[in-house]
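Chemist: Structure file input-v4.cif (mmCIF, C-alpha atoms) right here:
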data_model
loop_
_atom_site.label_atom_id
_atom_site.label_comp_id
_atom_site.auth_asym_id
_atom_site.auth_seq_id
_atom_site.Cartn_x
_atom_site.Cartn_y
_atom_site.Cartn_z
CA MET A 1 10.61 13.68 25.87
CA PHE A 2 10.48 13.03 22.14
CA ASN A 3 9.55 9.44 22.77
CA SER A 4 5.82 8.86 22.85
CA TYR A 5 6.27 5.11 22.62
CA THR A 6 7.42 4.21 26.13
CA THR A 7 4.13 2.82 27.42
CA SER A 8 1.50 0.49 26.03
CA THR A 9 -1.87 -0.81 27.18
CA LEU A 10 -0.57 -4.39 27.28
CA LEU A 11 -1.39 -6.31 30.47
CA TYR A 12 -0.31 -9.88 31.16
CA ASP A 13 -1.23 -12.21 33.99
CA SER A 14 1.37 -14.98 34.04
CA GLU A 15 -0.64 -16.97 36.60
CA LEU A 16 -3.24 -17.74 33.95
CA CYS A 17 -0.67 -18.79 31.35
CA ILE A 18 -0.84 -22.40 30.15
CA ASN A 19 2.35 -22.05 28.09
CA CYS A 20 0.71 -22.77 24.76
CA GLY A 21 3.26 -20.56 23.01
CA ARG A 22 0.84 -18.62 20.85
CA CYS A 23 1.82 -15.16 22.15
CA TRP A 24 5.51 -15.38 21.31
CA GLU A 25 4.62 -17.11 18.07
CA VAL A 26 2.38 -14.29 16.83
CA CYS A 27 4.23 -11.26 18.24
CA PRO A 28 6.15 -9.47 15.46
CA HIS A 29 8.27 -7.51 17.95
CA GLY A 30 9.47 -10.19 20.35
CA VAL A 31 7.50 -8.80 23.29
CA PHE A 32 6.97 -12.29 24.73
CA VAL A 33 9.55 -15.07 25.02
CA PRO A 34 9.25 -18.69 26.18
CA ASP A 35 11.02 -19.71 29.38
CA GLY A 36 9.88 -23.30 29.71
CA LYS A 37 7.04 -22.87 32.20
CA VAL A 38 5.10 -19.75 31.23
CA ALA A 39 5.47 -17.04 28.63
CA GLN A 40 7.57 -14.11 29.81
CA LEU A 41 6.71 -10.52 29.01
CA VAL A 42 10.16 -9.08 28.34
CA ASN A 43 9.86 -6.12 26.03
CA SER A 44 6.57 -4.30 26.53
CA GLN A 45 8.08 -1.05 25.19
CA ALA A 46 8.25 -2.65 21.75
CA CYS A 47 4.52 -3.47 21.83
CA ILE A 48 2.61 -1.84 18.99
CA GLU A 49 -0.78 -2.97 20.34
CA CYS A 50 -1.71 -5.00 17.27
CA GLY A 51 -3.66 -7.31 19.56
CA ALA A 52 -2.49 -10.59 18.03
CA CYS A 53 -1.31 -12.07 21.35
CA ALA A 54 -4.52 -11.26 23.23
CA LEU A 55 -6.71 -12.52 20.40
CA ASN A 56 -4.81 -15.80 20.23
CA CYS A 57 -4.47 -16.41 23.97
CA PRO A 58 -6.95 -19.20 24.74
CA VAL A 59 -7.08 -18.42 28.48
CA LYS A 60 -7.32 -14.61 28.21
CA ALA A 61 -4.11 -14.07 30.15
CA ILE A 62 -3.31 -11.08 27.94
CA VAL A 63 -5.33 -7.89 27.62
CA VAL A 64 -4.46 -5.03 25.30
CA GLU A 65 -6.42 -2.12 23.92
CA SER A 66 -5.59 -3.03 20.37
CA GLY A 67 -5.83 -0.73 17.43
CA VAL A 68 -3.95 0.50 14.43
CA GLY A 69 -1.35 3.20 15.12
CA CYS A 70 -2.27 5.29 12.11
CA ALA A 71 -2.32 9.05 12.67
CA ALA A 72 -4.02 9.65 9.31
CA ALA A 73 -6.95 7.45 10.36
CA MET A 74 -7.17 8.97 13.85
CA ILE A 75 -7.04 12.56 12.61
CA GLN A 76 -9.67 11.84 9.97
CA ALA A 77 -11.92 10.21 12.56
CA ALA A 78 -11.50 13.18 14.90
CA LEU A 79 -12.31 15.63 12.09
CA ARG A 80 -15.49 13.71 11.31
CA GLY A 81 -16.51 13.93 14.96
CA GLN A 82 -15.90 10.24 15.60
CA LYS A 83 -13.77 8.76 18.33
CA MET A 84 -10.08 8.65 17.49
CA GLU A 85 -10.06 5.00 18.49
CA SER A 86 -12.91 4.09 16.16
CA GLY A 87 -10.52 2.89 13.46
CA THR A 88 -12.99 3.85 10.77
CA CYS A 89 -10.48 5.20 8.31
CA GLY A 90 -12.42 3.85 5.35
CA CYS A 91 -9.37 2.13 3.85
CA SER A 92 -11.14 -1.15 3.29
CA GLU A 93 -14.32 0.31 1.91
CA ASP A 94 -15.19 0.12 -1.76
CA SER A 95 -14.39 3.79 -2.27
CA PRO A 96 -11.42 4.20 0.05
CA SER A 97 -10.20 7.51 1.36
CA THR A 98 -7.30 8.97 -0.56
CA ALA A 99 -5.00 9.65 2.40
CA CYS A 100 -4.74 5.97 3.24
CA ASN A 101 -1.39 4.19 3.41
CA CYS A 102 -2.87 0.71 3.48
CA GLY A 103 -2.64 -1.33 0.38
CA MET B 104 -11.70 -38.09 -2.18
CA ASN B 105 -13.51 -37.02 -5.28
CA THR B 106 -13.06 -33.32 -5.95
CA PRO B 107 -14.05 -31.87 -9.29
CA SER B 108 -11.43 -29.39 -10.47
CA ASN B 109 -14.00 -26.70 -11.14
CA GLN B 110 -14.50 -26.52 -7.40
CA PHE B 111 -11.47 -24.31 -7.11
CA LEU B 112 -9.68 -21.66 -9.09
CA HIS B 113 -6.27 -22.07 -10.63
CA SER B 114 -3.14 -20.01 -10.50
CA THR B 115 0.59 -20.52 -10.93
CA SER B 116 3.76 -19.75 -9.01
CA THR B 117 5.12 -17.78 -11.97
CA LEU B 118 4.82 -14.01 -12.09
CA THR B 119 4.23 -12.55 -15.53
CA PHE B 120 5.07 -9.12 -16.88
CA LYS B 121 1.42 -8.20 -16.26
CA ASP B 122 1.85 -9.11 -12.58
CA ARG B 123 5.01 -7.03 -12.31
CA TRP B 124 3.25 -4.08 -13.93
CA ASP B 125 0.40 -4.52 -11.46
CA HIS B 126 2.89 -4.42 -8.56
CA PHE B 127 4.55 -1.34 -10.01
CA THR B 128 1.25 0.54 -10.30
CA ALA B 129 0.18 -0.67 -6.84
CA ARG B 130 3.38 0.79 -5.38
CA LEU B 131 2.47 4.10 -7.02
CA GLY B 132 -0.97 3.94 -5.44
CA TRP B 133 -2.66 3.79 -8.83
CA GLN B 134 -6.27 2.66 -8.25
CA ARG B 135 -4.88 1.16 -5.11
CA THR B 136 -7.69 -0.77 -3.53
CA THR B 137 -9.98 -1.05 -6.53
CA HIS B 138 -7.77 -2.60 -9.21
CA HIS B 139 -5.34 -4.77 -7.30
CA ARG B 140 -7.78 -7.42 -6.20
CA VAL B 141 -7.84 -11.17 -6.62
CA ASN B 142 -11.15 -13.01 -6.61
CA PRO B 143 -11.57 -14.57 -3.15
CA GLY B 144 -11.77 -18.34 -3.03
CA LEU B 145 -9.68 -21.49 -3.09
CA TYR B 146 -6.82 -21.62 -5.61
CA ALA B 147 -4.86 -24.64 -6.76
CA ILE B 148 -1.14 -24.11 -7.40
CA GLY B 149 0.47 -26.95 -9.36
CA ASN B 150 -1.37 -30.25 -8.93
CA PRO B 151 -2.42 -30.41 -5.30
CA ASN B 152 -3.91 -33.52 -3.73
CA PRO B 153 -5.95 -33.85 -0.53
CA GLU B 154 -2.75 -33.93 1.55
CA SER B 155 -1.36 -30.70 0.08
CA PRO B 156 -0.85 -27.72 2.38
CA VAL B 157 -3.33 -24.83 2.49
CA PHE B 158 -1.99 -21.28 2.70
CA VAL B 159 -4.29 -18.40 3.58
CA THR B 160 -3.83 -14.86 2.32
CA ALA B 161 -5.55 -11.58 1.45
CA ASN B 162 -7.12 -10.71 -1.91
CA TYR B 163 -4.59 -7.96 -2.58
CA THR B 164 -2.47 -8.82 -5.62
CA LEU B 165 0.81 -7.99 -3.83
CA SER B 166 -0.15 -10.37 -0.99
CA PHE B 167 -1.44 -13.19 -3.20
CA ASP B 168 1.50 -12.91 -5.61
CA ALA B 169 4.01 -12.84 -2.75
CA VAL B 170 2.66 -16.16 -1.53
CA ARG B 171 2.20 -17.96 -4.84
CA SER B 172 5.58 -16.90 -6.22
CA THR B 173 7.30 -18.71 -3.32
CA LEU B 174 5.49 -21.99 -4.05
CA LYS B 175 7.69 -23.01 -6.97
CA ASP B 176 7.83 -26.80 -7.44
CA MET B 177 5.22 -27.11 -4.74
CA ASP B 178 1.65 -28.35 -5.04
CA ALA B 179 -0.55 -26.42 -2.69
CA TYR B 180 -3.81 -24.59 -2.14
CA ILE B 181 -4.17 -20.90 -1.43
CA LEU B 182 -7.32 -19.79 0.33
CA VAL B 183 -7.88 -16.13 -0.53
CA LEU B 184 -10.01 -14.15 1.92
CA ASN B 185 -11.98 -11.10 0.86
CA THR B 186 -10.09 -8.20 2.45
CA LYS B 187 -11.31 -5.73 -0.20
CA GLY B 188 -7.90 -5.39 -1.77
CA ILE B 189 -6.08 -4.63 1.47
CA ASN B 190 -2.87 -6.40 2.58
CA VAL B 191 -2.88 -9.00 5.35
CA TRP B 192 -1.66 -6.87 8.26
CA CYS B 193 -3.82 -3.80 7.59
CA ALA B 194 -6.83 -6.04 6.94
CA ALA B 195 -6.16 -7.99 10.15
CA GLY B 196 -6.08 -4.69 12.05
CA LYS B 197 -9.48 -3.82 10.65
CA GLY B 198 -10.84 -7.34 11.16
CA SER B 199 -11.56 -8.06 7.49
CA PHE B 200 -8.75 -10.61 7.55
CA GLY B 201 -10.51 -12.16 10.50
CA THR B 202 -11.94 -15.22 12.18
CA TYR B 203 -15.41 -14.64 10.73
CA GLU B 204 -14.25 -14.23 7.13
CA LEU B 205 -11.91 -17.23 7.43
CA ALA B 206 -14.65 -19.50 8.79
CA ARG B 207 -17.08 -18.29 6.14
CA ARG B 208 -14.58 -18.85 3.34
CA ILE B 209 -13.72 -22.36 4.59
CA GLU B 210 -17.40 -23.21 4.46
CA GLN B 211 -18.07 -21.56 1.11
CA THR B 212 -15.16 -23.31 -0.63
CA GLU B 213 -16.02 -26.62 1.09
CA LEU B 214 -12.37 -26.87 2.07
CA ALA B 215 -13.09 -29.77 4.44
CA LYS B 216 -14.08 -31.86 1.41
CA VAL B 217 -11.12 -30.78 -0.69
CA VAL B 218 -8.37 -31.66 1.80
CA SER B 219 -8.12 -34.64 4.12
CA HIS B 220 -6.01 -32.86 6.76
CA ARG B 221 -7.19 -30.06 9.04
CA VAL B 222 -4.29 -27.61 9.00
CA LEU B 223 -4.17 -24.04 7.69
CA ILE B 224 -0.97 -22.05 7.32
CA LEU B 225 -1.62 -18.39 7.95
CA PRO B 226 0.72 -15.44 7.61
CA GLN B 227 1.88 -14.49 11.10
CA LEU B 228 0.73 -10.89 10.71
CA GLY B 229 -2.81 -12.18 10.11
CA ALA B 230 -2.88 -13.10 13.81
CA ALA B 231 -4.00 -9.56 14.67
CA GLY B 232 -7.39 -10.45 13.15
CA ILE B 233 -7.57 -14.20 13.70
CA SER B 234 -8.27 -16.09 16.88
CA ALA B 235 -6.68 -19.49 16.29
CA HIS B 236 -8.58 -21.35 19.02
CA GLU B 237 -11.83 -19.78 17.82
CA VAL B 238 -11.15 -20.98 14.25
CA LYS B 239 -10.53 -24.49 15.61
CA LYS B 240 -13.78 -24.39 17.53
CA GLN B 241 -15.84 -23.10 14.61
CA THR B 242 -14.32 -25.02 11.70
CA GLY B 243 -12.21 -27.88 13.08
CA PHE B 244 -9.14 -26.49 11.30
CA VAL B 245 -5.90 -25.96 13.22
CA VAL B 246 -4.23 -22.63 12.53
CA LYS B 247 -0.46 -22.65 12.13
CA TYR B 248 1.16 -19.25 11.90
CA GLY B 249 3.88 -19.23 9.27
CA PRO B 250 6.59 -16.61 8.91
CA VAL B 251 5.95 -12.86 8.63
CA ARG B 252 7.36 -12.70 5.10
CA ALA B 253 6.24 -14.96 2.27
CA GLU B 254 9.85 -15.27 1.07
CA ASP B 255 10.55 -17.45 4.13
CA ILE B 256 7.80 -19.97 3.26
CA PRO B 257 10.12 -22.47 1.50
CA GLU B 258 12.42 -22.67 4.53
CA TYR B 259 9.44 -22.83 6.87
CA MET B 260 8.02 -25.76 4.88
CA ASN B 261 11.39 -27.54 4.93
CA THR B 262 11.98 -27.17 8.66
CA SER B 263 8.33 -26.88 9.87
CA LYS B 264 9.58 -24.06 12.04
CA ALA B 265 9.73 -20.29 11.82
CA THR B 266 12.91 -18.94 13.36
CA THR B 267 12.90 -15.91 15.69
CA GLU B 268 14.25 -13.88 12.79
CA MET B 269 11.34 -14.99 10.58
CA ARG B 270 8.87 -13.93 13.28
CA GLN B 271 10.07 -10.33 13.51
CA VAL B 272 8.84 -7.49 11.33
CA ARG B 273 11.59 -5.47 9.73
CA PHE B 274 11.69 -1.84 8.73
CA ALA B 275 14.98 -2.03 6.86
CA LEU B 276 16.00 0.31 4.05
CA ARG B 277 14.41 -1.92 1.41
CA ASP B 278 11.09 -2.03 3.32
CA ARG B 279 11.12 1.74 3.70
CA LEU B 280 12.13 2.70 0.17
CA VAL B 281 9.14 0.95 -1.42
CA LEU B 282 6.87 3.24 0.60
CA ILE B 283 8.21 6.46 -0.95
CA PRO B 284 6.52 6.40 -4.41
CA VAL B 285 2.96 6.13 -3.09
CA GLU B 286 3.61 8.97 -0.63
CA LEU B 287 4.93 11.18 -3.44
CA VAL B 288 1.78 10.44 -5.42
CA ASN B 289 -0.48 11.02 -2.40
CA LEU B 290 1.24 14.37 -1.81
CA PHE B 291 1.05 15.50 -5.45
CA LEU B 292 -2.27 17.34 -5.25
CA PRO B 293 -1.39 19.10 -1.96
CA LEU B 294 1.89 20.04 -3.65
CA ILE B 295 0.13 21.66 -6.64
CA ALA B 296 -2.26 23.52 -4.33
CA ALA B 297 0.60 24.70 -2.09
CA SER B 298 2.66 25.77 -5.11
CA ILE B 299 -0.11 28.01 -6.44
CA VAL B 300 -0.63 29.68 -3.07
CA PHE B 301 3.10 30.03 -2.45
CA TYR B 302 3.71 31.50 -5.89
CA PHE B 303 1.50 34.45 -5.04
CA LEU B 304 2.94 34.74 -1.54
CA GLY B 305 6.62 34.52 -2.32
CA GLY B 306 7.29 33.81 -5.98
CA TRP B 307 9.37 30.94 -7.30
CA ILE B 308 11.58 30.65 -4.21
CA ALA B 309 8.50 29.88 -2.17
CA VAL B 310 7.27 27.38 -4.77
CA GLY B 311 10.67 25.67 -4.61
CA ALA B 312 10.42 25.61 -0.83
CA ALA B 313 6.96 24.05 -0.99
CA ALA B 314 8.08 21.39 -3.45
CA ALA B 315 11.23 20.61 -1.49
CA THR B 316 9.21 20.23 1.68
CA VAL B 317 6.29 18.24 0.40
CA TRP B 318 8.38 15.80 -1.62
CA GLY B 319 11.63 16.06 0.29
CA VAL B 320 10.04 15.01 3.58
CA PRO B 321 8.92 11.49 2.57
CA ILE B 322 12.17 10.85 0.69
CA LEU B 323 14.49 11.90 3.53
CA PHE B 324 12.21 10.55 6.27
CA PHE B 325 12.09 6.98 4.93
CA LEU B 326 15.68 7.03 3.70
CA LEU B 327 17.09 8.17 7.05
CA PHE B 328 14.42 6.82 9.45
CA PRO B 329 16.69 5.04 11.98
CA ARG B 330 19.37 7.74 11.74
CA ILE B 331 17.19 10.71 12.61
CA PRO B 332 18.02 11.15 16.30
CA THR B 333 14.53 11.17 17.83
CA LYS B 334 12.01 8.41 18.37
CA ASP B 335 8.78 10.23 17.53
CA PHE B 336 7.64 10.53 13.95
CA SER B 337 6.66 14.19 14.36
CA THR B 338 10.04 15.24 15.71
CA LYS B 339 11.86 13.24 13.03
CA GLY B 340 9.77 15.11 10.45
CA PHE B 341 10.47 18.39 12.20
CA LEU B 342 14.22 17.82 11.89
CA VAL B 343 13.89 16.79 8.25
CA GLY B 344 11.82 19.94 7.64
CA LEU B 345 14.39 22.11 9.36
CA PHE B 346 17.11 20.66 7.15
CA LEU B 347 14.99 21.27 4.04
CA ALA B 348 14.13 24.80 5.19
CA LEU B 349 17.73 25.96 5.59
CA PRO B 350 18.52 26.56 1.90
CA THR B 351 15.24 28.39 1.30
CA ALA B 352 15.75 30.59 4.34
CA MET B 353 19.37 31.27 3.34
CA VAL B 354 18.48 32.18 -0.23
CA THR B 355 15.61 34.40 0.91
CA PHE B 356 17.92 36.20 3.33
CA LEU B 357 20.76 36.62 0.86
CA LEU B 358 18.47 37.90 -1.89
CA HIS B 359 16.71 40.51 0.25
CA ASP B 360 17.27 43.97 -1.15
CA SER B 361 16.71 45.92 2.03
CA ASN B 362 17.94 46.12 5.61
CA VAL B 363 19.09 43.11 7.63
CA TRP B 364 16.10 43.01 9.96
CA PHE B 365 13.68 42.93 7.09
CA GLY B 366 15.70 40.14 5.47
CA LEU B 367 15.47 38.14 8.68
CA LEU B 368 11.73 38.78 8.91
CA LYS B 369 11.32 37.41 5.41
CA ALA B 370 13.56 34.40 5.92
CA PHE B 371 12.61 33.27 9.41
CA PRO B 372 9.04 32.12 8.69
CA PHE B 373 10.44 29.34 6.48
CA LEU B 374 12.35 27.98 9.49
CA LEU B 375 9.08 27.68 11.41
CA ALA B 376 6.56 26.66 8.76
CA ILE B 377 8.56 24.03 6.89
CA PRO B 378 9.52 22.02 10.00
CA ALA B 379 5.86 22.19 11.14
CA VAL B 380 4.65 20.86 7.79
CA GLY B 381 7.41 18.25 7.78
CA GLY B 382 6.33 17.10 11.22
CA PHE B 383 2.71 16.82 10.20
CA ILE B 384 3.46 14.90 7.00
CA SER B 385 5.74 12.53 8.93
CA LEU B 386 3.17 11.97 11.66
CA ASN B 387 0.95 10.61 8.92
CA PHE B 388 3.57 7.98 8.10
CA THR B 389 2.88 6.18 11.39
CA GLY B 390 0.23 4.09 9.63
CA SER B 391 2.63 2.80 7.00
CA SER B 392 5.29 1.82 9.53
CA PRO B 393 5.31 -1.40 11.55
CA VAL B 394 6.55 0.29 14.72
CA ALA B 395 3.89 2.76 15.92
CA SER B 396 1.37 1.82 18.61
CA ARG B 397 -1.98 3.55 18.87
CA THR B 398 -1.19 4.78 22.39
CA GLY B 399 2.01 6.37 21.10
CA VAL B 400 0.41 7.89 18.01
CA LYS B 401 -2.34 9.41 20.14
CA LYS B 402 0.30 10.93 22.41
CA GLU B 403 2.08 12.34 19.38
CA ILE B 404 -1.13 13.90 18.08
CA PHE B 405 -1.86 15.69 21.37
CA ARG B 406 1.77 16.65 21.95
CA TYR B 407 2.79 17.98 18.58
CA ILE B 408 -0.23 19.10 16.57
CA PRO B 409 -0.74 22.20 18.79
CA VAL B 410 2.98 23.02 18.39
CA MET B 411 2.73 22.61 14.61
CA ALA B 412 -0.31 24.89 14.53
CA TRP B 413 1.51 27.54 16.58
CA LEU B 414 4.59 27.41 14.38
CA ALA B 415 2.49 27.66 11.23
CA GLY B 416 0.46 30.53 12.73
CA ILE B 417 3.51 32.52 13.85
CA SER B 418 5.20 32.07 10.50
CA LEU B 419 2.06 33.24 8.71
CA VAL B 420 1.90 36.39 10.86
CA MET B 421 5.58 37.13 10.18
CA PHE B 422 5.05 36.49 6.51
CA LEU B 423 2.08 38.86 6.34
CA ALA B 424 3.97 41.46 8.38
CA SER B 425 6.89 41.38 5.95
CA ALA B 426 4.48 41.68 3.01
CA ILE B 427 2.73 44.69 4.55
CA LEU B 428 6.03 46.35 5.48
CA ALA B 429 7.30 45.86 1.95
CA TRP B 430 4.08 47.29 0.55
CA ILE B 431 4.20 50.45 2.61
CA GLY B 432 7.88 50.85 1.83
CA VAL B 433 9.26 50.56 5.36
CA SER B 434 11.75 47.93 4.31
CA HIS B 435 13.90 50.40 2.42
CA VAL B 436 14.46 52.81 5.28
#
Take the structure in this file and express it as structure tokens.

Modeler:
Amino acid sequence: MFNSYTTSTLLYDSELCINCGRCWEVCPHGVFVPDGKVAQLVNSQACIECGACALNCPVKAIVVESGVGCAAAMIQAALRGQKMESGTCGCSEDSPSTACNCG
Amino acid sequence: MNTPSNQFLHSTSTLTFKDRWDHFTARLGWQRTTHHRVNPGLYAIGNPNPESPVFVTANYTLSFDAVRSTLKDMDAYILVLNTKGINVWCAAGKGSFGTYELARRIEQTELAKVVSHRVLILPQLGAAGISAHEVKKQTGFVVKYGPVRAEDIPEYMNTSKATTEMRQVRFALRDRLVLIPVELVNLFLPLIAASIVFYFLGGWIAVGAAAATVWGVPILFFLLFPRIPTKDFSTKGFLVGLFLALPTAMVTFLLHDSNVWFGLLKAFPFLLAIPAVGGFISLNFTGSSPVASRTGVKKEIFRYIPVMAWLAGISLVMFLASAILAWIGVSHV
């Protein structure tokens, strides 16, 4: 209780890994570490689902439902009748929404 | 290689007073995404030659200036992508700092003719929008991810390596404090609106409570973030709100001029409403933190928003009940 951040949508298939090192290079939370042969998934609780590892994995060994963990954006999307996952917070539009924390 | 200098734009590694003023106003959220933009394109810093390194960044002044100010005594290029005035990480999350924009900008600036090498140095946090192997395939350029923070660029260039420490995002006191001003500004209009309503509901004490909550929450939340003993943003905000509500509730109780039960009825709603509002405001800080995943934020929304609504509803009923009781004179029995 009081910890909503214990699980993530990150999935990793080490059998596909070619040890290119991109995942532990791009991860800002040390979720992956090198161990010489393949990348090791060591800290999936720290994953914030930014999607950098999956996007930069050339053999698609990593899958994650990536998105921005921004409640303001999700609540706004829900209020406009859009999916909460749509990520259409309008921050990067020419007339951005005022509740945005990006910048 | 013959490259006319008008092919790229020029900038320096020196920040002027005008730049500092721009950063100051950006931190206050003043014309945030409309007036803090750099023209996208290829910039020359110093006197770069075809072997000089190419750094890639967003067209937000804070991002561009963070990079160029670290390139002192260095000749380099900065390729500025059009992220519509949004910083690298947020823009990467939305895809505007992305593979497509990077490939397009490489083509448009004819970067392959300007430099003889085929290496780009990207900010690590841009990786959430960039697929390095896809960039290689489409443009021939190899993507190297530099450190998370621009301040580590000099060391990265000296050692050609980003340490584990350089690859981690931080949410230290310094990183959190800079977020407070823009939140205070964002909350200013809600604060005025709440103050007017609260003045009519409960006079100046209530206005003070509203102000303390709306502005006290971001200040205490970011100041104390790691010390507030829960993990979720909503519950952290709830605790901050409870702390802020105590003086208001105490003062309301002590100033009541009637029986004890009526005093409690008047004071108690503050202990419900202010934590609920604090929780809601804090939940909205998830987007400005580097630690909240979408899965977690979604859980928080479904877990806590109903609770916040209940608390606010109950406190409103109690508040109205105390107002009605006072009006019909029951409170003085």

Chemist: To test your reading of the syntax: which residues would the PyMOL selection byres ((chain A and resi 28-43) around 6) return for the file shown? Reply as a list in words.

Modeler: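 Applied to this file, the PyMOL selection byres ((chain A and resi 28-43) around 6) selects Cys17, Asn19, Trp24, Cys27, Ser44, Gln45 and Ala46 of chain A; Arg270, Gln271 and Val272 of chain B.
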
Chemist: Tell me the residues of chain B close to chain A, meaning within 6 Å using all atoms listed in the file, as a list in words.

Modeler: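 Filtering chain B at 6 Å from chain A with all atoms listed in the file gives Lys187, Ile189, Asn190, Gln227, Ala230, Ala231, Ser234, Ala235, Arg270, Gln271, Val272, Lys334, Asp335, Asn387, Thr389, Gly390, Ser391, Ala395, Ser396, Arg397, Gly399, Val400 and Lys402 of chain B.
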
Chemist: Between CA of Gln241 in chain B and CA of Asn150 in chain B, what distance in Å does the model show, to one decimal?

Modeler: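 That distance, rounded to one decimal, is 28.5 Å.
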
Chemist: Please list as a PDB file with C-alpha atoms, in the frame of the given file every residue within 9 Å of Pro378 in chain B, counting all atoms listed in the file and excluding residues in the same chain fewer than 6 positions away.

Modeler:
ATOM      1  CA  THR B 316       9.210  20.230   1.680  1.00  0.00           C
ATOM      2  CA  THR B 338      10.040  15.240  15.710  1.00  0.00           C
ATOM      3  CA  GLY B 340       9.770  15.110  10.450  1.00  0.00           C
ATOM      4  CA  PHE B 341      10.470  18.390  12.200  1.00  0.00           C
ATOM      5  CA  LEU B 342      14.220  17.820  11.890  1.00  0.00           C
ATOM      6  CA  VAL B 343      13.890  16.790   8.250  1.00  0.00           C
ATOM      7  CA  GLY B 344      11.820  19.940   7.640  1.00  0.00           C
ATOM      8  CA  LEU B 345      14.390  22.110   9.360  1.00  0.00           C
ATOM      9  CA  PHE B 346      17.110  20.660   7.150  1.00  0.00           C
ATOM     10  CA  LEU B 347      14.990  21.270   4.040  1.00  0.00           C
ATOM     11  CA  ALA B 348      14.130  24.800   5.190  1.00  0.00           C
ATOM     12  CA  MET B 411       2.730  22.610  14.610  1.00  0.00           C
ATOM     13  CA  LEU B 414       4.590  27.410  14.380  1.00  0.00           C
TER      14      LEU B 414
END

Chemist: Can you turn the PyMOL selection byres ((chain B and resi 376) around 12) into a concrete residue list for this file, as a ChimeraX atom specification?

Modeler: /B:309,312-313,316-317,341,344-345,347-349,351-352,370-375,377-383,410-422

Chemist: Name the residues in contact with Val251 in chain B at a cut-off of 12 Å, using all atoms listed in the file, excluding same-chain residues fewer than 2 positions from it; report them as an NGL selection string.

Modeler: (:A and (25-29)) or (:B and (160 or 166 or 169-170 or 191-192 or 224-230 or 248-249 or 253-256 or 259 or 265-273 or 393))

Chemist: Output C-alpha atoms for every residue in that selection, as an mmCIF file, in the coordinates of the input.

Modeler:
data_model
loop_
_atom_site.group_PDB
_atom_site.id
_atom_site.type_symbol
_atom_site.label_atom_id
_atom_site.label_comp_id
_atom_site.auth_asym_id
_atom_site.auth_seq_id
_atom_site.Cartn_x
_atom_site.Cartn_y
_atom_site.Cartn_z
ATOM 1 C CA GLU A 25 4.620 -17.110 18.070
ATOM 2 C CA VAL A 26 2.380 -14.290 16.830
ATOM 3 C CA CYS A 27 4.230 -11.260 18.240
ATOM 4 C CA PRO A 28 6.150 -9.470 15.460
ATOM 5 C CA HIS A 29 8.270 -7.510 17.950
ATOM 6 C CA THR B 160 -3.830 -14.860 2.320
ATOM 7 C CA SER B 166 -0.150 -10.370 -0.990
ATOM 8 C CA ALA B 169 4.010 -12.840 -2.750
ATOM 9 C CA VAL B 170 2.660 -16.160 -1.530
ATOM 10 C CA VAL B 191 -2.880 -9.000 5.350
ATOM 11 C CA TRP B 192 -1.660 -6.870 8.260
ATOM 12 C CA ILE B 224 -0.970 -22.050 7.320
ATOM 13 C CA LEU B 225 -1.620 -18.390 7.950
ATOM 14 C CA PRO B 226 0.720 -15.440 7.610
ATOM 15 C CA GLN B 227 1.880 -14.490 11.100
ATOM 16 C CA LEU B 228 0.730 -10.890 10.710
ATOM 17 C CA GLY B 229 -2.810 -12.180 10.110
ATOM 18 C CA ALA B 230 -2.880 -13.100 13.810
ATOM 19 C CA TYR B 248 1.160 -19.250 11.900
ATOM 20 C CA GLY B 249 3.880 -19.230 9.270
ATOM 21 C CA ALA B 253 6.240 -14.960 2.270
ATOM 22 C CA GLU B 254 9.850 -15.270 1.070
ATOM 23 C CA ASP B 255 10.550 -17.450 4.130
ATOM 24 C CA ILE B 256 7.800 -19.970 3.260
ATOM 25 C CA TYR B 259 9.440 -22.830 6.870
ATOM 26 C CA ALA B 265 9.730 -20.290 11.820
ATOM 27 C CA THR B 266 12.910 -18.940 13.360
ATOM 28 C CA THR B 267 12.900 -15.910 15.690
ATOM 29 C CA GLU B 268 14.250 -13.880 12.790
ATOM 30 C CA MET B 269 11.340 -14.990 10.580
ATOM 31 C CA ARG B 270 8.870 -13.930 13.280
ATOM 32 C CA GLN B 271 10.070 -10.330 13.510
ATOM 33 C CA VAL B 272 8.840 -7.490 11.330
ATOM 34 C CA ARG B 273 11.590 -5.470 9.730
ATOM 35 C CA PRO B 393 5.310 -1.400 11.550
#

Chemist: Between CA of Asn362 in chain B and CA of Ile308 in chain B, what is the distance in Å, rounded to a tenth?

Modeler: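 Computing the Euclidean distance for CA of Asn362 in chain B and CA of Ile308 in chain B yields 19.4 Å.
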
Chemist: Using the chain letters and numbers from the file, which residues does the PyMOL selection byres ((chain B and resi 218) around 10) grab, as a PyMOL selection string?

Modeler: chain B and resi 104+106+151-157+180+213-217+219-222

Chemist: Neighbouring residues of Leu205 in chain B were defined as those with any atom within 10 Å, considering all atoms listed in the file; residues of the same chain fewer than 5 positions away were excluded. Please report them as a short mmCIF file (atom, residue, chain, number, x, y, z; two decimals) with C-alpha atoms, keeping the file's coordinate frame.

Modeler:
data_model
loop_
_atom_site.label_atom_id
_atom_site.label_comp_id
_atom_site.auth_asym_id
_atom_site.auth_seq_id
_atom_site.Cartn_x
_atom_site.Cartn_y
_atom_site.Cartn_z
CA VAL B 159 -4.29 -18.40 3.58
CA THR B 160 -3.83 -14.86 2.32
CA LEU B 182 -7.32 -19.79 0.33
CA VAL B 183 -7.88 -16.13 -0.53
CA LEU B 184 -10.01 -14.15 1.92
CA ASN B 185 -11.98 -11.10 0.86
CA SER B 199 -11.56 -8.06 7.49
CA PHE B 200 -8.75 -10.61 7.55
CA GLU B 210 -17.40 -23.21 4.46
CA GLN B 211 -18.07 -21.56 1.11
CA GLY B 232 -7.39 -10.45 13.15
CA ILE B 233 -7.57 -14.20 13.70
CA VAL B 238 -11.15 -20.98 14.25
CA THR B 242 -14.32 -25.02 11.70
#
